file data-v1.txt (compact mmCIF, C-alpha atoms)
# COMPACT_ATOMS: atom_id res chain seq x y z
CA MET A 1 137.10 77.48 115.13
CA LYS A 2 135.57 79.73 117.75
CA LYS A 3 131.99 78.72 118.22
CA ASN A 4 130.86 82.24 119.14
CA ARG A 5 131.90 83.69 115.77
CA PRO A 6 129.26 82.86 113.15
CA ILE A 7 131.32 84.18 110.22
CA GLN A 8 135.02 83.46 109.76
CA ALA A 9 137.38 85.15 107.34
CA LEU A 10 138.75 82.61 104.88
CA ASN A 11 140.88 84.66 102.49
CA GLU A 12 143.21 87.64 102.54
CA LYS A 13 140.60 90.20 101.61
CA ALA A 14 138.18 88.96 104.23
CA ARG A 15 140.92 89.02 106.88
CA ALA A 16 141.78 92.61 105.88
CA ILE A 17 138.17 93.63 106.37
CA GLN A 18 138.09 91.80 109.67
CA SER A 19 141.19 93.64 110.86
CA LEU A 20 139.51 96.95 110.12
CA ALA A 21 136.74 96.00 112.46
CA GLU A 22 138.99 95.06 115.37
CA GLY A 23 138.08 97.14 118.40
CA GLU A 24 135.24 98.81 116.60
CA GLN A 25 132.32 99.84 118.76
CA ALA A 26 128.76 99.22 117.64
CA THR A 27 127.41 102.20 115.73
CA VAL A 28 124.13 100.81 114.57
CA GLU A 29 121.57 98.50 116.07
CA ALA A 30 119.48 95.93 114.36
CA LEU A 31 115.95 97.21 114.05
CA GLN A 32 114.50 94.24 115.83
CA GLU A 33 116.63 94.88 118.93
CA GLY A 34 114.48 97.24 120.93
CA PRO A 35 112.93 100.60 120.03
CA PRO A 36 112.19 101.79 117.47
CA ALA A 37 111.87 98.17 116.35
CA MET A 38 110.47 99.30 113.02
CA PRO A 39 112.27 100.49 109.91
CA VAL A 40 112.53 104.23 109.38
CA GLY A 41 112.84 106.03 106.07
CA CYS A 42 112.14 103.30 103.61
CA THR A 43 109.68 100.58 104.53
CA THR A 44 108.00 102.42 107.34
CA ILE A 45 105.02 100.17 107.07
CA PHE A 46 104.44 96.95 108.91
CA ASP A 47 103.66 94.30 106.41
CA THR A 48 105.12 91.02 105.38
CA GLY A 49 104.32 91.43 101.72
CA TRP A 50 101.53 89.03 101.23
CA GLU A 51 101.86 89.24 97.46
CA THR A 52 104.76 86.85 97.87
CA ASN A 53 102.79 84.29 99.82
CA PRO A 54 102.76 81.05 97.91
CA ARG A 55 99.33 79.97 96.80
CA PRO A 56 98.32 76.46 95.93
CA THR A 57 96.60 77.46 92.70
CA TYR A 58 96.70 80.26 90.14
CA PRO A 59 97.98 82.89 90.57
CA VAL A 60 101.08 81.81 92.43
CA GLY A 61 103.50 84.39 93.75
CA ASN A 62 103.76 88.05 92.96
CA CYS A 63 101.40 90.51 91.37
CA GLN A 64 100.30 89.75 87.84
CA SER A 65 102.29 91.24 86.13
CA SER A 66 105.08 92.60 88.28
CA ALA A 67 104.87 95.86 86.28
CA LYS A 68 101.43 96.43 87.78
CA ASP A 69 103.04 96.69 91.21
CA PHE A 70 106.08 98.75 90.17
CA HIS A 71 104.91 102.20 91.21
CA GLY A 72 103.18 100.96 94.33
CA CYS A 73 106.39 99.31 95.50
CA ALA A 74 108.72 102.10 94.40
CA GLY A 75 107.04 105.09 96.02
CA ASP A 76 107.03 103.70 99.51
CA CYS A 77 110.24 101.70 99.11
CA TRP A 78 108.72 98.30 99.60
CA TRP A 79 111.51 96.77 97.52
CA PRO A 80 114.26 99.41 97.57
CA ALA A 81 116.87 97.14 96.03
CA GLN A 82 114.74 96.35 93.03
CA VAL A 83 112.84 99.56 92.27
CA PRO A 84 113.56 103.29 92.72
CA ASP A 85 113.48 104.57 96.28
CA GLY A 86 110.79 107.23 96.23
CA LEU A 87 111.33 108.52 99.75
CA THR A 88 115.01 109.47 99.66
CA ASN A 89 116.90 109.12 96.40
CA HIS A 90 114.36 109.11 93.58
CA GLU A 91 111.46 111.23 94.74
CA ASP A 92 110.41 112.09 91.18
CA PHE A 93 110.96 108.69 89.65
CA ASP A 94 107.38 108.60 88.43
CA LYS A 95 107.89 111.55 86.08
CA GLN A 96 110.10 109.46 83.81
CA CYS A 97 107.70 106.62 83.64
CA PRO A 98 104.15 107.40 84.83
CA ASN A 99 102.73 104.44 82.92
CA VAL A 100 105.07 101.50 83.33
CA ALA A 101 103.52 99.28 80.69
CA ARG A 102 103.93 102.10 78.14
CA ASP A 103 107.02 103.94 79.37
CA TRP A 104 109.30 101.33 80.91
CA ARG A 105 111.90 101.71 78.16
CA VAL A 106 112.65 105.29 79.21
CA LEU A 107 112.99 104.55 82.92
CA LYS A 108 116.47 105.56 84.12
CA TYR A 109 117.73 105.74 87.67
CA ASP A 110 121.03 105.00 89.38
CA MET B 1 78.30 136.54 92.81
CA SER B 2 81.94 135.65 92.35
CA SER B 3 83.17 133.96 89.20
CA LYS B 4 84.21 130.94 91.27
CA THR B 5 80.71 130.56 92.72
CA THR B 6 79.25 130.91 89.24
CA ARG B 7 81.47 128.12 87.95
CA LEU B 8 80.56 125.84 90.83
CA LEU B 9 76.87 126.45 90.31
CA ALA B 10 77.29 125.74 86.63
CA VAL B 11 78.94 122.42 87.41
CA ALA B 12 76.19 121.55 89.90
CA VAL B 13 73.41 122.44 87.43
CA LEU B 14 75.15 120.44 84.70
CA LEU B 15 75.46 117.42 86.94
CA MET B 16 71.85 117.66 88.13
CA GLY B 17 70.64 117.96 84.57
CA MET B 18 72.63 114.91 83.50
CA ASN B 19 71.02 113.04 86.39
CA ALA B 20 67.41 113.92 85.50
CA GLY B 21 65.09 110.94 85.76
CA ASN B 22 67.66 108.84 87.60
CA ALA B 23 66.62 107.76 91.10
CA PHE B 24 70.24 107.29 92.08
CA ALA B 25 72.92 109.89 92.43
CA LYS B 26 75.20 110.62 89.57
CA ASP B 27 78.66 109.24 90.24
CA MET B 28 81.89 110.94 89.44
CA PHE B 29 84.99 108.83 89.95
CA TYR B 30 88.46 110.13 90.66
CA TYR B 31 91.44 108.06 89.57
CA ILE B 32 94.30 108.78 91.97
CA GLY B 33 97.32 108.39 89.71
CA TYR B 34 100.94 109.30 89.21
CA GLY B 35 101.30 112.98 88.42
CA MET B 36 97.63 113.11 87.56
CA VAL B 37 94.08 112.72 88.81
CA GLN B 38 91.69 111.58 86.09
CA VAL B 39 87.96 112.23 86.29
CA ILE B 40 85.51 109.58 85.09
CA ASP B 41 81.85 110.22 84.40
CA GLY B 42 80.02 107.29 85.99
CA ASP B 43 77.11 107.46 83.57
CA LYS B 44 79.23 107.08 80.46
CA ASP B 45 82.20 105.41 82.12
CA ALA B 46 84.37 107.79 80.16
CA ILE B 47 87.36 109.91 81.16
CA VAL B 48 86.19 113.51 81.10
CA ALA B 49 89.11 115.42 82.59
CA ASP B 50 92.79 115.16 83.47
CA ILE B 51 94.05 117.15 86.45
CA PRO B 52 97.86 117.43 86.55
CA VAL B 53 99.41 117.16 90.02
CA ASP B 54 102.98 116.97 91.25
CA GLY B 55 104.13 113.61 92.48
CA TRP B 56 103.02 110.08 93.15
CA LEU B 57 99.75 110.11 95.02
CA ARG B 58 98.63 108.10 98.01
CA GLU B 59 95.83 109.17 100.40
CA SER B 60 92.80 111.20 99.34
CA ASP B 61 89.82 112.79 101.04
CA PHE B 62 86.89 114.89 99.84
CA SER B 63 85.86 118.08 101.62
CA ALA B 64 82.47 117.92 103.31
CA ASP B 65 80.99 120.35 100.76
CA ARG B 66 82.29 118.12 97.92
CA GLN B 67 84.01 121.06 96.26
CA PHE B 68 87.56 119.95 96.93
CA LEU B 69 89.63 116.79 96.78
CA TYR B 70 92.75 116.64 98.91
CA VAL B 71 95.50 114.22 97.85
CA THR B 72 98.84 113.45 99.46
CA ALA B 73 101.85 113.23 97.16
CA LYS B 74 105.34 111.84 97.67
CA ARG B 75 104.25 111.20 101.27
CA HIS B 76 104.97 114.83 102.23
CA LEU B 77 102.89 117.11 99.99
CA ILE B 78 99.18 117.80 100.31
CA HIS B 79 97.46 119.14 97.18
CA LYS B 80 94.06 120.81 97.31
CA ILE B 81 92.14 120.24 94.06
CA ASP B 82 89.16 122.41 93.17
CA LEU B 83 86.74 119.91 91.60
CA GLY B 84 84.80 122.66 89.83
CA GLU B 85 87.84 124.26 88.27
CA GLN B 86 89.55 120.88 87.94
CA ARG B 87 92.96 122.11 88.99
CA VAL B 88 95.28 122.18 91.99
CA VAL B 89 94.65 125.43 93.87
CA SER B 90 97.16 125.05 96.69
CA THR B 91 99.93 122.77 97.95
CA ILE B 92 101.55 122.46 101.36
CA ASP B 93 104.63 120.54 102.46
CA VAL B 94 104.71 118.97 105.93
CA SER B 95 108.51 118.79 105.86
CA SER B 96 110.07 121.84 107.51
CA ASP B 97 112.69 123.04 110.00
CA GLY B 98 115.21 120.47 108.81
CA TRP B 99 112.84 117.55 109.32
CA ASP B 100 111.69 115.23 106.57
CA ARG B 101 108.16 114.24 107.47
CA PHE B 102 106.22 111.48 105.77
CA ILE B 103 102.47 111.12 105.82
CA TYR B 104 101.02 107.67 106.47
CA GLY B 105 97.36 108.32 107.07
CA PHE B 106 95.33 111.43 106.25
CA ASP B 107 91.91 112.55 107.41
CA LEU B 108 90.34 115.98 106.97
CA ALA B 109 89.14 117.63 110.16
CA PRO B 110 85.52 118.80 110.26
CA ASP B 111 86.58 122.46 110.43
CA GLY B 112 87.69 122.22 106.80
CA LYS B 113 90.82 124.18 107.66
CA SER B 114 92.94 121.47 109.20
CA ALA B 115 93.66 117.79 108.83
CA PHE B 116 94.87 114.91 110.93
CA VAL B 117 97.98 113.16 109.66
CA ASN B 118 100.15 110.35 110.94
CA LEU B 119 103.74 111.55 110.56
CA VAL B 120 106.99 109.62 110.50
CA SER B 121 109.93 112.05 110.73
CA ARG B 122 113.66 111.98 110.23
CA SER B 123 116.52 114.45 110.33
CA THR B 124 120.27 114.59 110.73
CA GLN B 125 122.09 115.95 113.78
CA LYS B 126 125.90 116.17 113.83
CA GLY B 127 126.00 113.87 110.83
CA GLN B 128 123.91 111.20 112.47
CA ALA B 129 120.49 110.10 111.33
CA VAL B 130 117.76 110.87 113.82
CA ALA B 131 114.29 109.39 113.75
CA ALA B 132 111.54 111.00 115.75
CA ALA B 133 108.76 108.99 117.26
CA PRO B 134 105.72 108.88 114.96
CA VAL B 135 102.93 111.25 115.87
CA LEU B 136 99.30 111.83 115.14
CA ALA B 137 99.29 115.53 114.32
CA GLN B 138 96.64 118.07 113.47
CA ILE B 139 98.05 120.41 110.84
CA ASP B 140 96.95 123.72 109.36
CA LEU B 141 96.01 123.20 105.72
CA GLU B 142 97.09 126.74 104.86
CA ASP B 143 100.75 126.30 105.68
CA GLY B 144 101.33 122.79 107.03
CA ARG B 145 102.04 123.99 110.60
CA ILE B 146 101.63 121.34 113.28
CA LEU B 147 98.92 122.63 115.60
CA ARG B 148 99.10 119.78 118.11
CA SER B 149 100.36 116.23 118.20
CA ILE B 150 100.61 113.05 120.24
CA GLU B 151 102.96 110.12 119.97
CA VAL B 152 101.45 107.00 118.41
CA PRO B 153 102.81 103.49 117.78
CA TRP B 154 105.28 102.71 115.01
CA GLY B 155 103.86 101.17 111.89
CA SER B 156 100.61 103.11 111.75
CA VAL B 157 99.35 103.75 108.22
CA ALA B 158 95.72 104.87 108.30
CA LEU B 159 93.46 107.22 110.23
CA VAL B 160 89.72 106.96 110.73
CA SER B 161 87.72 109.77 112.30
CA VAL B 162 84.77 108.60 114.42
CA ASN B 163 82.02 109.96 116.66
CA ASN B 164 81.72 113.30 114.89
CA ALA B 165 85.49 113.57 114.79
CA SER B 166 85.81 113.43 118.57
CA SER B 167 88.19 110.51 118.22
CA ILE B 168 90.72 109.34 115.66
CA TYR B 169 91.46 105.66 115.24
CA VAL B 170 95.10 105.15 114.27
CA ILE B 171 95.49 101.86 112.44
CA GLY B 172 98.77 99.98 112.39
CA LYS B 173 99.81 96.80 114.12
CA ASP B 174 96.90 97.53 116.48
CA ILE B 175 94.21 100.19 116.46
CA VAL B 176 94.65 102.93 119.02
CA ARG B 177 91.89 105.40 119.77
CA VAL B 178 92.97 108.97 120.35
CA ASP B 179 90.49 111.35 121.93
CA VAL B 180 90.89 114.65 120.07
CA SER B 181 87.83 116.40 121.52
CA ALA B 182 89.78 118.39 124.11
CA GLU B 183 92.72 120.69 123.51
CA GLU B 184 95.15 118.00 124.58
CA MET B 185 94.88 114.80 122.58
CA LYS B 186 94.86 111.60 124.62
CA LEU B 187 95.46 107.97 123.72
CA VAL B 188 92.54 106.27 125.44
CA ASP B 189 92.12 102.76 124.11
CA THR B 190 93.73 100.00 122.09
CA PHE B 191 92.06 97.39 119.95
CA PRO B 192 94.54 94.52 119.57
CA MET B 193 95.28 93.02 116.17
CA PHE B 194 98.94 91.97 116.28
CA ASP B 195 98.45 89.55 119.17
CA LYS B 196 95.60 87.98 117.23
CA GLN B 197 98.02 87.37 114.35
CA TRP B 198 96.20 89.76 112.07
CA ASN B 199 98.16 91.03 109.09
CA ILE B 200 96.54 94.06 107.56
CA LEU B 201 97.36 96.55 104.79
CA PRO B 202 94.79 99.33 105.17
CA LEU B 203 96.17 101.67 102.52
CA TRP B 204 92.88 102.09 100.63
CA ASP B 205 90.57 104.14 102.79
CA ASN B 206 87.16 104.21 101.10
CA THR B 207 85.22 105.18 104.21
CA ARG B 208 83.21 107.88 102.48
CA ASP B 209 82.53 105.69 99.43
CA ASN B 210 81.54 102.86 101.77
CA GLY B 211 78.64 104.57 103.53
CA GLY B 212 80.72 105.90 106.41
CA VAL B 213 82.17 102.53 107.32
CA PHE B 214 85.92 102.00 107.11
CA MET B 215 86.56 98.51 105.82
CA ALA B 216 89.74 96.53 105.21
CA ASN B 217 90.57 92.89 104.87
CA TYR B 218 93.05 91.15 107.13
CA TYR B 219 94.71 87.76 107.25
CA THR B 220 95.63 85.29 109.94
CA PRO B 221 97.57 82.10 109.20
CA GLU B 222 94.21 80.37 108.85
CA PHE B 223 91.67 82.72 107.34
CA MET B 224 90.80 86.06 105.82
CA GLY B 225 88.57 88.45 107.70
CA LEU B 226 86.97 91.84 107.27
CA LEU B 227 87.64 94.64 109.71
CA SER B 228 85.09 97.42 109.78
CA ILE B 229 84.81 100.63 111.76
CA ASP B 230 81.50 102.45 111.93
CA THR B 231 82.47 106.12 111.90
CA GLY B 232 79.13 107.08 113.40
CA SER B 233 79.25 104.89 116.49
CA GLY B 234 82.95 104.11 116.60
CA GLU B 235 82.16 100.40 116.80
CA ILE B 236 84.90 98.07 115.59
CA SER B 237 83.78 94.72 114.25
CA ASP B 238 85.24 91.88 112.31
CA ILE B 239 83.89 89.10 110.19
CA ARG B 240 85.73 85.81 109.82
CA LEU B 241 85.26 84.36 106.35
CA ASP B 242 84.89 80.66 105.73
CA GLY B 243 87.09 78.94 103.19
CA ALA B 244 90.67 79.25 102.03
CA PRO B 245 91.72 82.90 102.02
CA VAL B 246 91.78 84.76 98.72
CA PHE B 247 94.33 87.54 98.51
CA ALA B 248 93.01 91.05 98.21
CA TYR B 249 94.42 94.54 98.52
CA SER B 250 91.18 96.38 99.15
CA VAL B 251 87.47 95.84 99.69
CA ILE B 252 84.19 97.73 99.43
CA ARG B 253 80.65 96.91 100.46
CA SER B 254 77.74 96.87 98.03
CA PRO B 255 75.19 99.66 98.59
CA ASP B 256 72.58 97.10 99.78
CA LYS B 257 75.12 95.90 102.38
CA LYS B 258 74.68 92.27 101.33
CA LYS B 259 78.00 91.74 99.60
CA VAL B 260 81.59 92.86 99.79
CA TYR B 261 83.74 93.13 96.69
CA ALA B 262 87.48 92.60 97.00
CA VAL B 263 90.32 92.88 94.52
CA MET B 264 93.89 91.90 93.85
CA ASP B 265 94.55 89.39 91.09
CA GLU B 266 90.91 88.37 91.18
CA LEU B 267 87.58 90.08 91.54
CA ILE B 268 86.16 88.49 94.66
CA VAL B 269 82.53 88.59 95.75
CA ILE B 270 81.85 87.88 99.43
CA ASP B 271 78.36 87.07 100.69
CA LEU B 272 77.99 88.74 104.06
CA GLU B 273 75.08 86.59 105.24
CA SER B 274 76.89 83.28 104.78
CA ARG B 275 80.30 84.87 105.38
CA SER B 276 81.72 83.01 102.44
CA TYR B 277 83.22 83.58 99.01
CA GLU B 278 80.49 83.71 96.40
CA ALA B 279 82.74 84.19 93.38
CA VAL B 280 86.46 84.42 92.68
CA LEU B 281 87.18 85.52 89.13
CA PRO B 282 90.70 86.07 87.71
CA ILE B 283 90.89 89.58 86.29
CA PRO B 284 91.95 89.99 82.66
CA GLY B 285 95.25 91.85 82.77
CA GLY B 286 96.09 90.85 86.31
CA THR B 287 96.55 92.79 89.54
CA HIS B 288 94.52 95.85 90.54
CA TYR B 289 94.76 97.71 93.84
CA ALA B 290 91.48 99.54 94.19
CA ILE B 291 87.81 98.67 93.99
CA ASN B 292 84.63 100.71 93.97
CA VAL B 293 80.98 100.31 93.16
CA SER B 294 78.39 102.57 91.57
CA SER B 295 75.81 104.22 93.82
CA ASP B 296 73.04 102.01 92.39
CA GLY B 297 75.13 98.88 92.92
CA GLY B 298 74.92 97.97 89.25
CA LYS B 299 78.58 98.32 88.36
CA VAL B 300 81.85 97.35 90.01
CA TYR B 301 85.11 99.09 89.15
CA VAL B 302 88.59 97.65 89.60
CA SER B 303 91.45 100.04 89.10
CA GLY B 304 94.99 101.09 90.02
CA GLY B 305 98.11 99.02 90.26
CA GLY B 306 98.63 99.57 86.56
CA SER B 307 96.93 101.77 84.03
CA THR B 308 93.63 100.04 83.43
CA THR B 309 90.22 100.50 84.98
CA ILE B 310 87.78 97.67 84.31
CA VAL B 311 84.05 98.16 84.66
CA TYR B 312 82.08 95.04 85.60
CA ASP B 313 78.38 94.39 85.52
CA ALA B 314 77.70 93.59 89.17
CA LYS B 315 75.03 91.00 88.39
CA SER B 316 76.71 88.97 85.66
CA LEU B 317 80.26 89.81 86.79
CA LYS B 318 81.17 90.26 83.12
CA PRO B 319 83.56 93.07 82.15
CA ILE B 320 81.59 95.67 80.21
CA LYS B 321 84.28 98.26 79.58
CA VAL B 322 88.02 98.73 79.95
CA LEU B 323 89.37 102.25 80.37
CA GLN B 324 93.00 102.79 79.44
CA MET B 325 94.21 105.43 81.85
CA GLU B 326 96.98 107.89 81.02
CA VAL B 327 99.09 106.91 84.03
CA ASP B 328 99.35 104.11 86.57
CA GLY B 329 97.17 104.56 89.62
CA MET B 330 96.82 103.96 93.33
CA ASP B 331 93.16 104.45 94.14
CA PHE B 332 89.73 105.01 92.61
CA ARG B 333 87.34 107.20 94.58
CA ARG B 334 83.64 107.86 94.07
CA LEU B 335 81.79 111.09 94.73
CA PRO B 336 78.02 111.02 94.19
CA PHE B 337 76.14 114.20 93.28

call {"tool": "encode", "arguments": {"input": "data-v1.txt", "output": "C-alpha cells"}}
result
Amino acid sequence: MKKNRPIQALNEKARAIQSLAEGEQATVEALQEGPPAMPVGCTTIFDTGWETNPRPTYPVGNCQSSAKDFHGCAGDCWWPAQVPDGLTNHEDFDKQCPNVARDWRVLKYD
Amino acid sequence: MSSKTTRLLAVAVLLMGMNAGNAFAKDMFYYIGYGMVQVIDGDKDAIVADIPVDGWLRESDFSADRQFLYVTAKRHLIHKIDLGEQRVVSTIDVSSDGWDRFIYGFDLAPDGKSAFVNLVSRSTQKGQAVAAAPVLAQIDLEDGRILRSIEVPWGSVALVSVNNASSIYVIGKDIVRVDVSAEEMKLVDTFPMFDKQWNILPLWDNTRDNGGVFMANYYTPEFMGLLSIDTGSGEISDIRLDGAPVFAYSVIRSPDKKKVYAVMDELIVIDLESRSYEAVLPIPGGTHYAINVSSDGGKVYVSGGGSTTIVYDAKSLKPIKVLQMEVDGMDFRRLPF
C-alpha cells in the first residue's frame, strides 16, 4: 500500500471512480487552504456552533427543542444538509412553514 | 397638513395619552419574525398589530425620528416599515448587475437616506463561481446603489456606528474600525478577538434598546465574557464572568446598569458588580434567541427562536405572561415613546 494515498479503492466501482480521476487537475481548493479561508454562499459566518457544545448538566446538546432553531439554522444555512438552504435553493422556505411547531407537517422541500 | 402627518400625529397623541401618569416611557415592542413583524403594546403585553413582510428577517434598525423600522430579509432585501401606517412602504434589493449580495450587518446612516451594510457577494463568470471580497458599503436606501465601499475581513456579521457615525466597527473574528468621516473610507484599527480565543455570535444588535451600548456575549475555552461598545465614545470593553459559562445567544443590560440578562435555554441574570451569575433559570418551552427589558426595568422579555414570547417579572423572575406569536421569530426590539 502506498503510504501517501490516504484512501484506496477496494472494489470495482471504487476503482472505476479512481480511474476517472487519473490525471485530473485540481479544480477546487479546500477552504482552509489560503484565501478566502472562509465559506462563501452558505455558512458565511464564523462560528463553531456552540449549541452543540456538550454541557455537564441540563440542558445537554442542541437547542430545546430542535424545532425552535429550525428557521434560524435554515435561513443562513447553518446546517444545509439538514434544513432548507435559504440562501440559494430555498429562499422562500419560510412561506410554507412560518411557525414550525404549528406548520411542520406541511413543510416540503427537495 | 398631509394625511400622513395627520396619522403620525394621531399615533403620537394616542401613545402619549396611554402613557399619562407614567413616569417611564411607553414601550412598543417589535417582534422580528418570518414573513411578519408583530407589534406588542408594552403596557398590556398584547399583540396589537401584524405587519406582513416578504421573507425571513434578520437585522433591524429604527430611524432616528422613530417613524420607520428597517428590516433586512432573505439577507438581500431591505424593507422600510412605516410604524404609523403599520405597513411596508418600500423595499430595495442589494443584489444587482449579476451579483448575489448578502447582508451580514446593517446600520442606518445618520442622514436617514443611506445605510451601512456588510456585503458578501457571489456571481458566476464563464460557468465558474466567483466570490468577491466582503465589503463594508454605504448604500442608497432609495435604490440600493453602492455609494462607496471598502474591503473588510471575511466572517464579519455586525456593524456598530460610533462617535456620531464617524466610524463603523465591523465585528467578525476581530473588530476592525473603519473611519467613514471622509469621502474615502479607511480601515484604521483592529481590536483582536480571534487570537484571544474569543468565540462570538453577535447577531442580535440591541444597541438602541441598550442605551447606546452594543453588547454581546463571547466565550473562551474557560469562561464567558461580555463585550460592549459605547457608541458615544467608541470605547470597547469586556467583562470576564466568574463561574462555569452558561450558554446564551444574546444579552441586554438592565436600565439601572446593574444587571445583564442573557438568554438561550435559560434566562440568565448576571450581576455586573460581582461579575457573576446571579440566577440561571431553565425557560419553560426551551430555547429563545432574543431578550429585552421594559424601560422601567420591571419586565424581561424572552422571544424568538420559536413562536413564543415570555414576559417575566424582573424582580421575582416568574413568568407572568406567554404570548403565542403567529410566526417564529428572530429578534424582539423595543421602541420607547

call {"tool": "residues_around", "arguments": {"input": "data-v1.txt", "residues": "Ala290 in chain B", "least_positions_apart": "3", "cutoff": "9 Å", "atoms": "all atoms listed in the file", "output": "JSON, numbers by chain"}}
result
{"B": [204, 249, 250, 251, 262, 263, 264, 301, 302, 303, 304, 305, 329, 330, 331, 332, 333]}

call {"tool": "write_last_selection", "arguments": {"input": "data-v1.txt", "atoms": "C-alpha atoms", "output": "PDB file, in the coordinates of the input"}}
result
ATOM      1  CA  TRP B 204      92.880 102.090 100.630  1.00  0.00           C
ATOM      2  CA  TYR B 249      94.420  94.540  98.520  1.00  0.00           C
ATOM      3  CA  SER B 250      91.180  96.380  99.150  1.00  0.00           C
ATOM      4  CA  VAL B 251      87.470  95.840  99.690  1.00  0.00           C
ATOM      5  CA  ALA B 262      87.480  92.600  97.000  1.00  0.00           C
ATOM      6  CA  VAL B 263      90.320  92.880  94.520  1.00  0.00           C
ATOM      7  CA  MET B 264      93.890  91.900  93.850  1.00  0.00           C
ATOM      8  CA  TYR B 301      85.110  99.090  89.150  1.00  0.00           C
ATOM      9  CA  VAL B 302      88.590  97.650  89.600  1.00  0.00           C
ATOM     10  CA  SER B 303      91.450 100.040  89.100  1.00  0.00           C
ATOM     11  CA  GLY B 304      94.990 101.090  90.020  1.00  0.00           C
ATOM     12  CA  GLY B 305      98.110  99.020  90.260  1.00  0.00           C
ATOM     13  CA  GLY B 329      97.170 104.560  89.620  1.00  0.00           C
ATOM     14  CA  MET B 330      96.820 103.960  93.330  1.00  0.00           C
ATOM     15  CA  ASP B 331      93.160 104.450  94.140  1.00  0.00           C
ATOM     16  CA  PHE B 332      89.730 105.010  92.610  1.00  0.00           C
ATOM     17  CA  ARG B 333      87.340 107.200  94.580  1.00  0.00           C
TER      18      ARG B 333
END

call {"tool": "interface_residues", "arguments": {"input": "data-v1.txt", "of": "chain B", "to": "chain A", "cutoff": "9 Å", "atoms": "all atoms listed in the file", "output": "PDB file with C-alpha atoms, in the frame of the given file"}}
result
ATOM      1  CA  GLY B  33      97.320 108.390  89.710  1.00  0.00           C
ATOM      2  CA  TYR B  34     100.940 109.300  89.210  1.00  0.00           C
ATOM      3  CA  GLY B  35     101.300 112.980  88.420  1.00  0.00           C
ATOM      4  CA  ASP B  54     102.980 116.970  91.250  1.00  0.00           C
ATOM      5  CA  GLY B  55     104.130 113.610  92.480  1.00  0.00           C
ATOM      6  CA  TRP B  56     103.020 110.080  93.150  1.00  0.00           C
ATOM      7  CA  LEU B  57      99.750 110.110  95.020  1.00  0.00           C
ATOM      8  CA  LYS B  74     105.340 111.840  97.670  1.00  0.00           C
ATOM      9  CA  ARG B  75     104.250 111.200 101.270  1.00  0.00           C
ATOM     10  CA  PHE B 102     106.220 111.480 105.770  1.00  0.00           C
ATOM     11  CA  TYR B 104     101.020 107.670 106.470  1.00  0.00           C
ATOM     12  CA  VAL B 120     106.990 109.620 110.500  1.00  0.00           C
ATOM     13  CA  SER B 121     109.930 112.050 110.730  1.00  0.00           C
ATOM     14  CA  ARG B 122     113.660 111.980 110.230  1.00  0.00           C
ATOM     15  CA  ALA B 131     114.290 109.390 113.750  1.00  0.00           C
ATOM     16  CA  ALA B 133     108.760 108.990 117.260  1.00  0.00           C
ATOM     17  CA  TRP B 154     105.280 102.710 115.010  1.00  0.00           C
ATOM     18  CA  GLY B 155     103.860 101.170 111.890  1.00  0.00           C
ATOM     19  CA  SER B 156     100.610 103.110 111.750  1.00  0.00           C
ATOM     20  CA  VAL B 157      99.350 103.750 108.220  1.00  0.00           C
ATOM     21  CA  GLY B 172      98.770  99.980 112.390  1.00  0.00           C
ATOM     22  CA  LYS B 173      99.810  96.800 114.120  1.00  0.00           C
ATOM     23  CA  ASN B 199      98.160  91.030 109.090  1.00  0.00           C
ATOM     24  CA  ILE B 200      96.540  94.060 107.560  1.00  0.00           C
ATOM     25  CA  LEU B 201      97.360  96.550 104.790  1.00  0.00           C
ATOM     26  CA  PHE B 247      94.330  87.540  98.510  1.00  0.00           C
ATOM     27  CA  MET B 264      93.890  91.900  93.850  1.00  0.00           C
ATOM     28  CA  ASP B 265      94.550  89.390  91.090  1.00  0.00           C
ATOM     29  CA  GLU B 266      90.910  88.370  91.180  1.00  0.00           C
ATOM     30  CA  PRO B 282      90.700  86.070  87.710  1.00  0.00           C
ATOM     31  CA  GLY B 285      95.250  91.850  82.770  1.00  0.00           C
ATOM     32  CA  GLY B 286      96.090  90.850  86.310  1.00  0.00           C
ATOM     33  CA  THR B 287      96.550  92.790  89.540  1.00  0.00           C
ATOM     34  CA  HIS B 288      94.520  95.850  90.540  1.00  0.00           C
ATOM     35  CA  TYR B 289      94.760  97.710  93.840  1.00  0.00           C
ATOM     36  CA  GLY B 304      94.990 101.090  90.020  1.00  0.00           C
ATOM     37  CA  GLY B 305      98.110  99.020  90.260  1.00  0.00           C
ATOM     38  CA  GLY B 306      98.630  99.570  86.560  1.00  0.00           C
ATOM     39  CA  SER B 307      96.930 101.770  84.030  1.00  0.00           C
ATOM     40  CA  MET B 325      94.210 105.430  81.850  1.00  0.00           C
ATOM     41  CA  GLU B 326      96.980 107.890  81.020  1.00  0.00           C
ATOM     42  CA  VAL B 327      99.090 106.910  84.030  1.00  0.00           C
ATOM     43  CA  ASP B 328      99.350 104.110  86.570  1.00  0.00           C
ATOM     44  CA  GLY B 329      97.170 104.560  89.620  1.00  0.00           C
ATOM     45  CA  MET B 330      96.820 103.960  93.330  1.00  0.00           C
TER      46      MET B 330
END

call {"tool": "atom_distance", "arguments": {"input": "data-v1.txt", "atom1": "CA of Leu241 in chain B", "atom2": "CA of Arg275 in chain B"}}
result
5.1 Å

call {"tool": "atom_distance", "arguments": {"input": "data-v1.txt", "atom1": "CA of Ala137 in chain B", "atom2": "CA of Ala109 in chain B"}}
result
11.2 Å

call {"tool": "atom_distance", "arguments": {"input": "data-v1.txt", "atom1": "CA of Gly232 in chain B", "atom2": "CA of Glu142 in chain B"}}
result
28.0 Å

call {"tool": "axis_aligned_box", "arguments": {"input": "data-v1.txt", "around": "range 188-197 of chain B", "padding_each_side": "8 Å", "output": "AutoDock Vina command-line options"}}
result
--center_x 95.5 --center_y 96.8 --center_z 119.9 --size_x 22.9 --size_y 34.9 --size_z 27.1
